[in-house]
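Trainee: Pasting start08.cif below, which is mmCIF, C-alpha atoms.
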data_upload
loop_
_atom_site.label_atom_id
_atom_site.label_comp_id
_atom_site.auth_asym_id
_atom_site.auth_seq_id
_atom_site.Cartn_x
_atom_site.Cartn_y
_atom_site.Cartn_z
CA MET Z 98 9.78 -26.54 -30.71
CA LEU Z 99 12.46 -24.94 -28.62
CA LEU Z 100 12.40 -21.94 -30.93
CA LEU Z 101 8.69 -21.53 -30.38
CA LEU Z 102 9.15 -21.67 -26.64
CA LEU Z 103 11.93 -19.14 -26.77
CA GLY Z 104 9.89 -16.83 -28.95
CA ILE Z 105 6.91 -16.95 -26.60
CA ILE Z 106 9.01 -16.28 -23.54
CA LEU Z 107 10.77 -13.41 -25.33
CA LEU Z 108 7.46 -11.83 -26.23
CA HIS Z 109 6.23 -12.10 -22.66
CA VAL Z 110 9.42 -10.68 -21.22
CA ALA Z 111 9.34 -7.82 -23.73
CA ALA Z 112 5.84 -6.87 -22.67
CA LEU Z 113 6.88 -7.09 -19.02
CA VAL Z 114 9.93 -4.88 -19.54
CA LEU Z 115 7.83 -2.29 -21.36
CA LEU Z 116 5.39 -2.27 -18.46
CA PHE Z 117 8.18 -1.78 -15.96
CA VAL Z 118 9.77 1.07 -17.89
CA SER Z 119 6.45 2.73 -18.46
CA THR Z 120 5.56 2.66 -14.78
CA ILE Z 121 8.90 3.50 -13.22
CA VAL Z 122 10.56 5.99 -15.56
CA SER Z 123 7.15 7.32 -16.22
CA VAL Z 124 7.52 10.33 -18.46
CA TRP Z 125 3.88 10.41 -19.43
CA THR Z 126 3.79 13.99 -20.62
CA SER Z 127 6.61 16.30 -21.53
CA SER Z 128 6.82 19.94 -22.37
CA GLU Z 129 9.40 22.69 -22.43
CA THR Z 130 8.92 23.52 -18.78
CA GLY Z 131 9.07 20.04 -17.46
CA THR Z 132 7.83 16.49 -17.35
CA SER Z 133 5.02 15.00 -15.41
CA ASP Z 134 4.29 11.41 -14.78
CA LEU Z 135 2.33 9.06 -12.61
CA TRP Z 136 4.18 9.82 -9.43
CA ILE Z 137 5.45 13.35 -9.50
CA ASN Z 138 5.00 16.55 -11.39
CA CYS Z 139 8.25 18.36 -12.07
CA SER Z 140 8.64 21.72 -13.71
CA THR Z 141 11.18 24.46 -13.98
CA SER Z 142 9.32 27.62 -13.24
CA ASN Z 143 10.52 30.94 -11.88
CA GLY Z 144 14.06 29.71 -11.74
CA GLY Z 145 14.49 26.42 -10.00
CA TYR Z 146 13.36 22.92 -10.58
CA HIS Z 147 10.61 21.95 -8.22
CA CYS Z 148 8.52 18.84 -8.00
CA ASP Z 149 5.08 18.24 -6.54
CA PRO Z 150 3.97 14.76 -5.63
CA ALA Z 151 0.84 13.54 -7.32
CA THR Z 152 -1.41 13.79 -4.29
CA SER Z 153 -4.15 15.66 -6.04
CA GLY Z 154 -6.78 13.71 -7.81
CA GLU Z 155 -8.25 10.33 -7.38
CA TRP Z 156 -7.80 9.37 -11.01
CA ILE Z 157 -4.03 9.58 -11.10
CA GLN Z 158 -3.94 7.23 -8.14
CA ALA Z 159 -6.25 4.87 -10.00
CA VAL Z 160 -3.84 4.92 -12.95
CA GLN Z 161 -0.93 4.17 -10.62
CA ALA Z 162 -2.80 1.26 -9.07
CA VAL Z 163 -3.82 -0.20 -12.40
CA MET Z 164 -0.29 -0.03 -13.82
CA ILE Z 165 1.15 -1.72 -10.74
CA LEU Z 166 -1.54 -4.41 -10.93
CA SER Z 167 -0.73 -5.07 -14.57
CA ILE Z 168 2.93 -5.57 -13.67
CA ILE Z 169 2.00 -7.94 -10.86
CA PHE Z 170 -0.32 -9.97 -13.08
CA SER Z 171 2.23 -10.18 -15.87
CA CYS Z 172 4.92 -11.40 -13.47
CA LEU Z 173 2.48 -13.92 -12.01
CA SER Z 174 1.64 -15.18 -15.46
CA LEU Z 175 5.33 -15.66 -16.31
CA PHE Z 176 5.80 -17.62 -13.11
CA LEU Z 177 2.67 -19.68 -13.79
CA PHE Z 178 3.90 -20.39 -17.33
CA PHE Z 179 7.02 -22.04 -15.99
CA CYS Z 180 4.97 -23.97 -13.44
CA GLN Z 181 2.51 -25.18 -16.03
CA LEU Z 182 5.28 -26.04 -18.47
CA PHE Z 183 6.41 -28.80 -16.16
CA THR Z 184 3.13 -29.92 -14.63
CA LEU Z 185 0.61 -29.76 -17.48
CA GLN Z 186 -0.39 -32.95 -19.26
CA LYS Z 187 0.34 -33.43 -22.91
CA GLY Z 188 -2.21 -31.64 -25.06
CA GLY Z 189 -3.28 -29.33 -22.29
CA ARG Z 190 -3.68 -25.60 -22.75
CA PHE Z 191 -2.03 -22.87 -20.71
CA PHE Z 192 -5.34 -21.35 -19.69
CA LEU Z 193 -4.24 -19.91 -16.38
CA THR Z 194 -1.16 -18.26 -17.83
CA GLY Z 195 -3.15 -16.83 -20.71
CA THR Z 196 -5.86 -15.51 -18.38
CA PHE Z 197 -3.41 -13.64 -16.21
CA GLN Z 198 -1.61 -12.17 -19.20
CA ILE Z 199 -4.85 -11.04 -20.80
CA LEU Z 200 -5.93 -9.50 -17.50
CA ALA Z 201 -2.62 -7.64 -17.35
CA SER Z 202 -3.15 -6.27 -20.84
CA LEU Z 203 -6.67 -5.16 -19.92
CA PHE Z 204 -5.30 -3.32 -16.90
CA VAL Z 205 -2.73 -1.49 -19.03
CA MET Z 206 -5.42 -0.55 -21.51
CA SER Z 207 -7.72 0.83 -18.83
CA GLY Z 208 -4.83 2.71 -17.23
CA ALA Z 209 -3.84 4.33 -20.50
CA ILE Z 210 -7.45 5.20 -21.30
CA ILE Z 211 -8.06 6.76 -17.89
CA TYR Z 212 -4.89 8.79 -18.25
CA THR Z 213 -5.84 9.99 -21.73
CA VAL Z 214 -9.28 11.06 -20.64
CA MET Z 215 -8.34 12.67 -17.36
CA SER Z 216 -4.98 14.22 -18.15
CA PRO Z 217 -6.24 17.75 -18.90
CA GLU Z 218 -7.12 17.96 -15.23
CA TRP Z 219 -3.64 17.89 -13.86
CA VAL Z 220 -1.41 18.70 -16.80
CA PRO Z 221 -1.65 21.98 -18.72
CA GLU Z 222 -3.08 21.71 -22.19
CA GLY Z 223 -0.66 21.71 -25.05
CA ASP Z 224 1.71 19.25 -23.45
CA ALA Z 225 2.79 16.41 -25.67
CA PHE Z 226 2.49 12.88 -24.41
CA GLY Z 227 5.82 11.43 -23.40
CA TYR Z 228 7.42 8.16 -24.36
CA SER Z 229 6.25 6.21 -21.33
CA TYR Z 230 2.69 6.84 -22.40
CA ILE Z 231 3.47 5.45 -25.84
CA LEU Z 232 5.25 2.47 -24.27
CA ALA Z 233 2.16 1.72 -22.23
CA TRP Z 234 0.04 1.72 -25.36
CA VAL Z 235 2.57 -0.57 -27.10
CA ALA Z 236 2.70 -2.94 -24.13
CA PHE Z 237 -1.06 -3.43 -24.28
CA PRO Z 238 -1.27 -5.26 -27.67
CA LEU Z 239 1.95 -7.15 -26.95
CA ALA Z 240 0.54 -8.50 -23.72
CA LEU Z 241 -2.79 -9.25 -25.38
CA ILE Z 242 -1.17 -11.21 -28.21
CA SER Z 243 1.02 -13.05 -25.73
CA GLY Z 244 -1.99 -14.00 -23.64
CA LEU Z 245 -3.94 -15.21 -26.65
CA ILE Z 246 -0.99 -17.33 -27.77
CA TYR Z 247 -0.95 -18.97 -24.37
CA VAL Z 248 -4.62 -19.75 -24.55
CA ILE Z 249 -4.32 -21.27 -28.02
CA LEU Z 250 -1.07 -23.11 -27.46
CA ARG Z 251 -1.15 -26.79 -26.68
CA LYS Z 252 1.55 -28.53 -24.73
CA ARG Z 253 3.56 -30.95 -26.77
CA GLU Z 254 6.44 -33.26 -25.99
CA MET X 210 30.33 -11.12 37.74
CA LEU X 211 27.69 -11.04 35.06
CA THR X 212 25.19 -9.27 37.29
CA PHE X 213 27.82 -6.69 38.17
CA LEU X 214 28.43 -6.04 34.47
CA ALA X 215 24.71 -5.76 33.81
CA LEU X 216 24.20 -3.31 36.66
CA ALA X 217 27.20 -1.26 35.57
CA SER X 218 25.92 -1.01 31.99
CA VAL X 219 22.46 0.05 33.17
CA VAL X 220 23.95 2.74 35.39
CA LEU X 221 26.26 3.96 32.64
CA LEU X 222 23.37 4.08 30.17
CA GLY X 223 21.48 6.10 32.71
CA ILE X 224 24.23 8.60 33.38
CA VAL X 225 25.81 9.17 30.01
CA PRO X 226 22.72 10.33 28.05
CA GLU X 227 21.85 12.65 30.88
CA GLN X 228 24.98 14.53 30.14
CA THR X 229 24.79 14.35 26.37
CA GLN X 230 21.13 14.36 25.48
CA GLY X 231 19.38 17.38 26.90
CA ILE X 232 15.74 18.03 26.26
CA VAL X 233 14.00 16.51 23.23
CA ILE X 234 10.89 18.25 21.93
CA TYR X 235 8.19 16.49 19.92
CA THR X 236 5.60 18.09 17.70
CA GLY X 237 3.89 16.78 14.62
CA TRP X 238 5.55 17.13 11.23
CA GLU X 239 2.65 18.50 9.21
CA ARG X 240 -0.96 19.26 9.97
CA HIS X 241 -3.82 19.62 7.52
CA ALA X 242 -6.95 21.55 8.40
CA LEU X 243 -10.02 23.02 6.77
CA VAL X 244 -10.75 26.72 6.55
CA GLY X 245 -12.78 27.88 9.53
CA SER X 246 -11.98 24.90 11.72
CA ASP X 247 -9.90 24.69 14.90
CA ILE X 248 -6.67 22.84 15.21
CA ARG X 249 -4.72 21.58 18.19
CA LEU X 250 -0.96 21.81 17.80
CA SER X 251 0.62 19.38 20.17
CA CYS X 252 4.03 19.82 21.77
CA SER X 253 5.61 17.59 24.35
CA PHE X 254 9.12 17.00 25.52
CA PHE X 255 11.33 14.36 26.97
CA SER X 256 13.85 15.18 29.67
CA TRP X 257 15.86 13.10 32.09
CA ARG X 258 15.13 15.55 34.89
CA TRP X 259 11.95 15.83 36.84
CA THR X 260 9.49 18.41 35.53
CA SER X 261 10.45 21.58 37.34
CA GLU X 262 8.10 24.37 38.38
CA ASP X 263 9.93 26.79 36.11
CA VAL X 264 9.14 24.81 32.98
CA THR X 265 8.47 27.13 30.00
CA PHE X 266 6.78 26.60 26.63
CA SER X 267 6.86 29.10 23.81
CA TRP X 268 5.37 28.98 20.37
CA THR X 269 6.49 31.10 17.42
CA TYR X 270 4.94 31.42 14.00
CA ARG X 271 6.62 31.98 10.65
CA PRO X 272 4.32 32.55 7.66
CA ASP X 273 4.99 30.69 4.41
CA GLY X 274 7.46 32.57 2.29
CA SER X 275 8.60 34.88 5.04
CA ARG X 276 11.78 34.80 7.06
CA ASP X 277 10.53 36.52 10.19
CA SER X 278 9.11 34.70 13.16
CA ILE X 279 6.64 36.16 15.54
CA SER X 280 6.03 34.88 19.02
CA ILE X 281 2.44 33.91 19.70
CA PHE X 282 2.39 32.06 22.99
CA HIS X 283 4.46 31.79 26.12
CA TYR X 284 3.97 29.80 29.28
CA THR X 285 6.14 30.58 32.27
CA GLY X 286 5.90 30.66 36.03
CA GLY X 287 2.64 28.74 35.98
CA ALA X 288 0.79 31.24 33.75
CA ALA X 289 0.04 31.18 30.05
CA TYR X 290 0.39 34.36 27.96
CA VAL X 291 -1.38 34.35 24.58
CA ASP X 292 -1.10 36.61 21.57
CA ASN X 293 -3.09 39.83 22.01
CA LYS X 294 -1.63 42.00 19.26
CA GLY X 295 -0.52 39.83 16.39
CA PRO X 296 -2.21 37.79 13.67
CA PHE X 297 -3.57 35.30 16.19
CA ARG X 298 -5.08 37.71 18.67
CA ASP X 299 -7.98 36.13 20.56
CA ARG X 300 -7.57 32.91 18.62
CA VAL X 301 -4.97 31.07 20.68
CA GLU X 302 -5.85 29.02 23.71
CA PHE X 303 -3.62 26.95 25.95
CA VAL X 304 -4.86 23.38 26.22
CA GLY X 305 -1.73 21.73 27.50
CA ASN X 306 -0.77 20.30 30.84
CA PRO X 307 2.69 21.46 31.94
CA GLY X 308 2.75 18.96 34.77
CA ARG X 309 2.54 16.23 32.16
CA ARG X 310 5.05 17.90 29.87
CA ASP X 311 2.34 18.87 27.38
CA GLY X 312 2.45 22.35 25.93
CA SER X 313 -0.25 22.13 23.25
CA ILE X 314 -2.17 25.11 21.98
CA LEU X 315 -5.51 25.40 20.20
CA ILE X 316 -5.87 27.79 17.27
CA LYS X 317 -9.43 28.68 16.33
CA ASN X 318 -11.11 29.76 13.13
CA LEU X 319 -8.32 29.08 10.67
CA ASP X 320 -7.83 31.04 7.52
CA PHE X 321 -5.60 30.72 4.48
CA SER X 322 -3.26 33.34 5.89
CA ASP X 323 -2.43 30.95 8.74
CA ASN X 324 -0.42 28.72 6.45
CA GLY X 325 3.07 28.52 7.86
CA THR X 326 5.45 26.91 10.32
CA PHE X 327 4.81 26.81 14.07
CA THR X 328 7.81 26.21 16.30
CA CYS X 329 7.59 24.96 19.86
CA ASP X 330 10.43 25.52 22.28
CA ALA X 331 10.30 24.01 25.74
CA LYS X 332 12.73 24.41 28.62
CA ASN X 333 12.87 22.35 31.76
CA PRO X 334 15.44 24.01 34.06
CA PRO X 335 18.18 22.94 34.62
CA ASP X 336 17.75 20.93 31.39
CA ILE X 337 17.70 23.70 28.82
CA VAL X 338 19.83 22.45 25.97
CA GLY X 339 17.62 21.27 23.16
CA ARG X 340 16.37 21.99 19.67
CA PRO X 341 12.96 23.53 19.07
CA SER X 342 10.66 21.44 16.93
CA SER X 343 8.48 22.72 14.09
CA VAL X 344 5.15 21.69 12.69
CA ARG X 345 3.88 22.89 9.34
CA LEU X 346 0.24 23.93 9.03
CA LEU X 347 -1.58 23.62 5.71
CA VAL X 348 -5.05 25.07 5.41
CA PHE X 349 -7.29 23.69 2.67
CA GLU X 350 -10.70 24.38 1.33
CA LYS X 351 -11.29 20.69 1.17
CA VAL X 352 -8.94 18.09 2.55
CA PRO X 353 -7.25 16.23 -0.28
CA ILE X 354 -6.94 12.49 -0.26
CA GLN X 355 -3.55 11.37 0.93
CA ALA X 356 -1.23 10.11 -1.76
CA GLY X 357 -1.49 6.41 -2.21
CA VAL X 358 -4.73 5.71 -0.37
CA ILE X 359 -6.75 4.99 -3.47
CA THR X 360 -3.80 3.25 -5.12
CA GLY X 361 -3.40 0.92 -2.19
CA ALA X 362 -7.13 0.34 -1.94
CA ILE X 363 -7.50 -0.70 -5.58
CA ILE X 364 -4.46 -2.96 -5.49
CA GLY X 365 -5.58 -4.50 -2.22
CA VAL X 366 -9.09 -5.20 -3.43
CA VAL X 367 -7.99 -6.83 -6.67
CA LEU X 368 -5.33 -9.00 -5.04
CA GLY X 369 -7.77 -9.89 -2.28
CA LEU X 370 -10.32 -11.03 -4.86
CA LEU X 371 -7.63 -13.10 -6.54
CA VAL X 372 -6.70 -14.82 -3.29
CA LEU X 373 -10.39 -15.37 -2.51
CA ILE X 374 -11.00 -16.99 -5.88
CA VAL X 375 -8.00 -19.29 -5.44
CA VAL X 376 -9.14 -20.29 -1.95
CA ILE X 377 -12.70 -20.96 -3.08
CA TYR X 378 -11.44 -23.03 -6.01
CA TYR X 379 -9.32 -25.22 -3.79
CA LEU X 380 -12.11 -25.51 -1.24
CA MET X 381 -14.51 -26.69 -3.94
CA ARG X 382 -11.99 -29.24 -5.14
CA PHE X 383 -11.45 -30.46 -1.60
CA LEU X 384 -15.18 -30.78 -0.91
CA VAL X 385 -15.87 -32.55 -4.17
CA ALA X 386 -12.99 -34.93 -3.51
CA ARG X 387 -14.41 -35.64 -0.05
CA ARG X 388 -17.83 -36.40 -1.46
CA VAL X 389 -16.35 -38.75 -4.01
CA PHE X 390 -14.35 -40.40 -1.25
CA SER X 391 -17.37 -40.90 0.99
CA LEU X 392 -19.37 -42.39 -1.89
CA SER X 393 -16.64 -44.91 -2.61
CA VAL X 394 -16.50 -45.81 1.10
CA ARG X 395 -20.19 -46.66 1.08
CA SER X 396 -19.77 -49.04 -1.82
CA VAL X 397 -16.73 -50.64 -0.17
CA THR X 398 -18.88 -51.75 2.81
CA GLY X 399 -20.72 -53.92 0.35
CA LEU X 400 -17.69 -55.98 -0.49
CA TRP X 401 -18.13 -59.55 0.52
CA PRO X 402 -15.86 -62.50 -0.05
CA ALA X 403 -17.08 -64.63 -2.96
CA ALA X 404 -17.47 -67.76 -0.86
CA LEU X 405 -19.96 -66.09 1.48
CA CYS X 406 -22.08 -64.86 -1.36
CA GLN X 407 -22.28 -68.24 -3.01
CA SER X 408 -23.29 -69.92 0.26
CA GLY X 409 -26.40 -67.73 0.40
CA LEU X 410 -25.62 -65.57 3.42
CA CYS X 411 -26.39 -62.46 1.45
CA GLN X 412 -30.13 -63.08 1.39
CA GLY X 413 -30.87 -60.12 3.59
CA LEU X 414 -29.81 -57.65 0.95
CA LYS X 415 -32.26 -56.30 -1.54
CA GLN X 416 -30.11 -57.17 -4.49
CA LYS X 417 -28.10 -60.20 -5.28
CA PRO X 418 -24.43 -59.61 -4.89
CA GLU X 419 -22.39 -59.77 -8.05
CA PRO X 420 -18.86 -60.99 -8.18
CA ILE X 421 -16.21 -58.53 -9.35
CA PRO X 422 -14.50 -60.26 -12.25
CA GLY X 423 -10.89 -61.12 -11.61
CA THR X 424 -11.02 -60.77 -7.86
CA ASP X 425 -12.10 -62.83 -4.94
CA THR X 426 -14.77 -60.45 -3.75
CA CYS X 427 -18.19 -59.44 -4.87
CA VAL X 428 -20.04 -56.23 -4.44
CA ALA X 429 -23.46 -56.05 -2.90
CA LYS X 430 -24.99 -52.95 -4.36
CA LEU X 431 -26.93 -50.90 -1.85
CA ALA X 432 -30.56 -50.58 -2.78
#
Go ahead and express the file in the form of structure tokens.
Mentor:
Amino acid sequence: MLLLLLGIILLHVAALVLLFVSTIVSVWTSSETGTSDLWINCSTSNGGYHCDPATSGEWIQAVQAVMILSIIFSCLSLFLFFCQLFTLQKGGRFFLTGTFQILASLFVMSGAIIYTVMSPEWVPEGDAFGYSYILAWVAFPLALISGLIYVILRKRE
Amino acid sequence: MLTFLALASVVLLGIVPEQTQGIVIYTGWERHALVGSDIRLSCSFFSWRWTSEDVTFSWTYRPDGSRDSISIFHYTGGAAYVDNKGPFRDRVEFVGNPGRRDGSILIKNLDFSDNGTFTCDAKNPPDIVGRPSSVRLLVFEKVPIQAGVITGAIIGVVLGLLVLIVVIYYLMRFLVARRVFSLSVRSVTGLWPAALCQSGLCQGLKQKPEPIPGTDTCVAKLA
């Protein structure tokens, strides 16, 4: 029983950490000349490392917003899990926690999809996707599975 | 004693900056404008002295990527002198009010070559020690959306919806609880002590009152 609880919390925290890393250290594309991510576009060109903020484009701002929202919802769901752990009746399901976690995973998915579709607009073609992009895609199924577990789980003891 | 200290500190605060501060000039930090439009570059200053009649304003322009500045406007002795030879000839107009410490200029019909830094320098004799202030002009074909506007809007809308849903949920629960409470109050008014019911005083009611098993009261159900 305790093992199950620990495993669930670990899964949730893992998804949350991946979300944080993906949003903050966001190296979403990388190439020889530089990296670009959700917040800033850095490149070494003509001698010198210069960075432009991501002001251009409405879509990159949408991706930023959606990633931040997914972090917020995942944190909220963790907090709600602990609340519901102590207040739910025996046999009850963690619906609220599961809903928030599933919503968070949907936000990550939509953010990653928007980025994939729109990235040729602000990043030159031929750039490989960086590790933060991959982490975002990994965080999506983790969060989804975690949310589904919450919805199926029944409170015991 | 306390009032003396307060007065002394106010006087000291008044005197000391006058000797150390000088003139402080304020312009914007960055201005965005569309090609072909006009833009007003504002410049004002703060000085501990009264505005003198010899107050001067001068604007210089340094194009992006260049190290040379060129003077484009000068106000002195009550008269404004605008650029009549340089890149801004016939495009600069003085729209400030020197009496109110405002030395703003209007630049008309902007073009991409007007990208650069505009520096305003104001002097209010005898207060002449100060740093000129610069404003950067960026000319666009279409004005881009500021960073973070859409981000903030999306986050705000979603969180607002969340809060709204929570509030509505609790409101519904509260209203339903109140309805249940008012229904139970109505049936409570029908409680009569068992003795009264058996003596036949409940004839006025449509239905015969029934005793609640295990208690001393009976309930007269409302018709």
Trainee: Please indicate the distance in Å from CA of Leu347 (chain X) to CA of Val160 (chain Z), rounded to one decimal place.
Mentor: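 Distance reported for this atom pair: 26.5 Å.
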Trainee: List the residues matched by the PyMOL selection byres ((chain X) within 8 of (chain Z)) in the displayed structure as a PyMOL selection string, ordered by chain and then by residue number.
Mentor: chain X and resi 353-361+363-364
Trainee: So the first atom is CA of Leu371 (chain X) and the second is CA of Gly195 (chain Z); what is the distance between them in Å, to one decimal place?
Mentor: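 Result for CA of Leu371 (chain X) versus CA of Gly195 (chain Z): 15.3 Å, one decimal.
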Trainee: Give as a list in words the set of residues within 6 Å of the point (1.9, -10.4, -17.3), where distances use the file's coordinates and only C-alpha atoms.
Mentor: Phe170, Ser171, Cys172, Ser174, Gln198 and Ala201 of chain Z
Trainee: Since I can't run it myself right now, could you work out what the PyMOL selection byres ((chain Z and resi 227) around 10) selects here and report it as number ranges by chain?
Mentor: Z: 123-128, 132-134, 224-226, 228-232
Trainee: For the file shown, report as a PyMOL selection string the outcome of the PyMOL selection byres ((chain X and resi 326) around 8) at residue level.
Mentor: chain X and resi 270-273+324-325+327-328+343-346
Trainee: Go ahead and save the residues from that selection, with C-alpha atoms, as a short mmCIF file (atom, residue, chain, number, x, y, z; two decimals), in the frame of the given file.
Mentor:
data_model
loop_
_atom_site.label_atom_id
_atom_site.label_comp_id
_atom_site.auth_asym_id
_atom_site.auth_seq_id
_atom_site.Cartn_x
_atom_site.Cartn_y
_atom_site.Cartn_z
CA TYR X 270 4.94 31.42 14.00
CA ARG X 271 6.62 31.98 10.65
CA PRO X 272 4.32 32.55 7.66
CA ASP X 273 4.99 30.69 4.41
CA ASN X 324 -0.42 28.72 6.45
CA GLY X 325 3.07 28.52 7.86
CA PHE X 327 4.81 26.81 14.07
CA THR X 328 7.81 26.21 16.30
CA SER X 343 8.48 22.72 14.09
CA VAL X 344 5.15 21.69 12.69
CA ARG X 345 3.88 22.89 9.34
CA LEU X 346 0.24 23.93 9.03
#
Trainee: Point out the residue among X:Asn306, X:Asn333, X:Ser246, X:Thr265 with the least atom-to-atom distance to Gly231 (chain X), counting all atoms listed in the file.
Mentor: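 Among the listed residues, the smallest separation from Gly231 (chain X) belongs to X:Asn333.
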Trainee: Nearest to Cys252 (chain X) among X:Met210, X:Ala288, X:Ile232, X:Ala331, with distances taken over all atoms listed in the file: which residue is it?
Mentor: X:Ala331
Trainee: What is the distance between CA of Ala289 (chain X) and CA of Phe254 (chain X), in Å to one decimal?
Mentor: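 CA of Phe254 (chain X) lies 17.4 Å from CA of Ala289 (chain X).
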Trainee: Rank X:Val385, X:Leu373, X:Ile248, X:Val366 by their smallest atom-to-atom distance to Arg300 (chain X), using all atoms listed in the file, and report the top residue only.
Mentor: X:Ile248
Trainee: Near Leu185 (chain Z), within 12 Å and counting all atoms listed in the file, which residues show up once chain neighbours fewer than 4 positions away are dropped, as a count of residues only?
Mentor: 15
Trainee: Which one of X:Arg382, X:Arg387, X:His241, X:Arg249 sits closest to Val304 (chain X) if you count all atoms listed in the file?
Mentor: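 When distances to Val304 (chain X) are compared using all atoms listed in the file, the smallest one comes from X:Arg249.
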Trainee: Which residue gives the smallest distance to Ile316 (chain X) among X:Ala242, X:Val367, X:Val264, X:Ile337, with only C-alpha atoms counted?
Mentor: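 Looking at the shortest contact to Ile316 (chain X), the residue is X:Ala242.
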Trainee: Of the candidates X:Gly369, X:Gly237, X:Pro307, X:Pro296, which one gets nearest to Asp263 (chain X) if we count only C-alpha atoms?
Mentor: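 Going through X:Gly369, X:Gly237, X:Pro307, X:Pro296 one by one, the smallest distance to Asp263 (chain X) is for X:Pro307.
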Trainee: What's around Ile106 (chain Z) at 12 Å? Count all atoms listed in the file, leave out sequence neighbours fewer than 2 positions away in its own chain, and write the answer as a PyMOL selection string.
Mentor: chain Z and resi 99-104+108-113+171-172+174-176+178-179+182+194+240+243-244+246-247
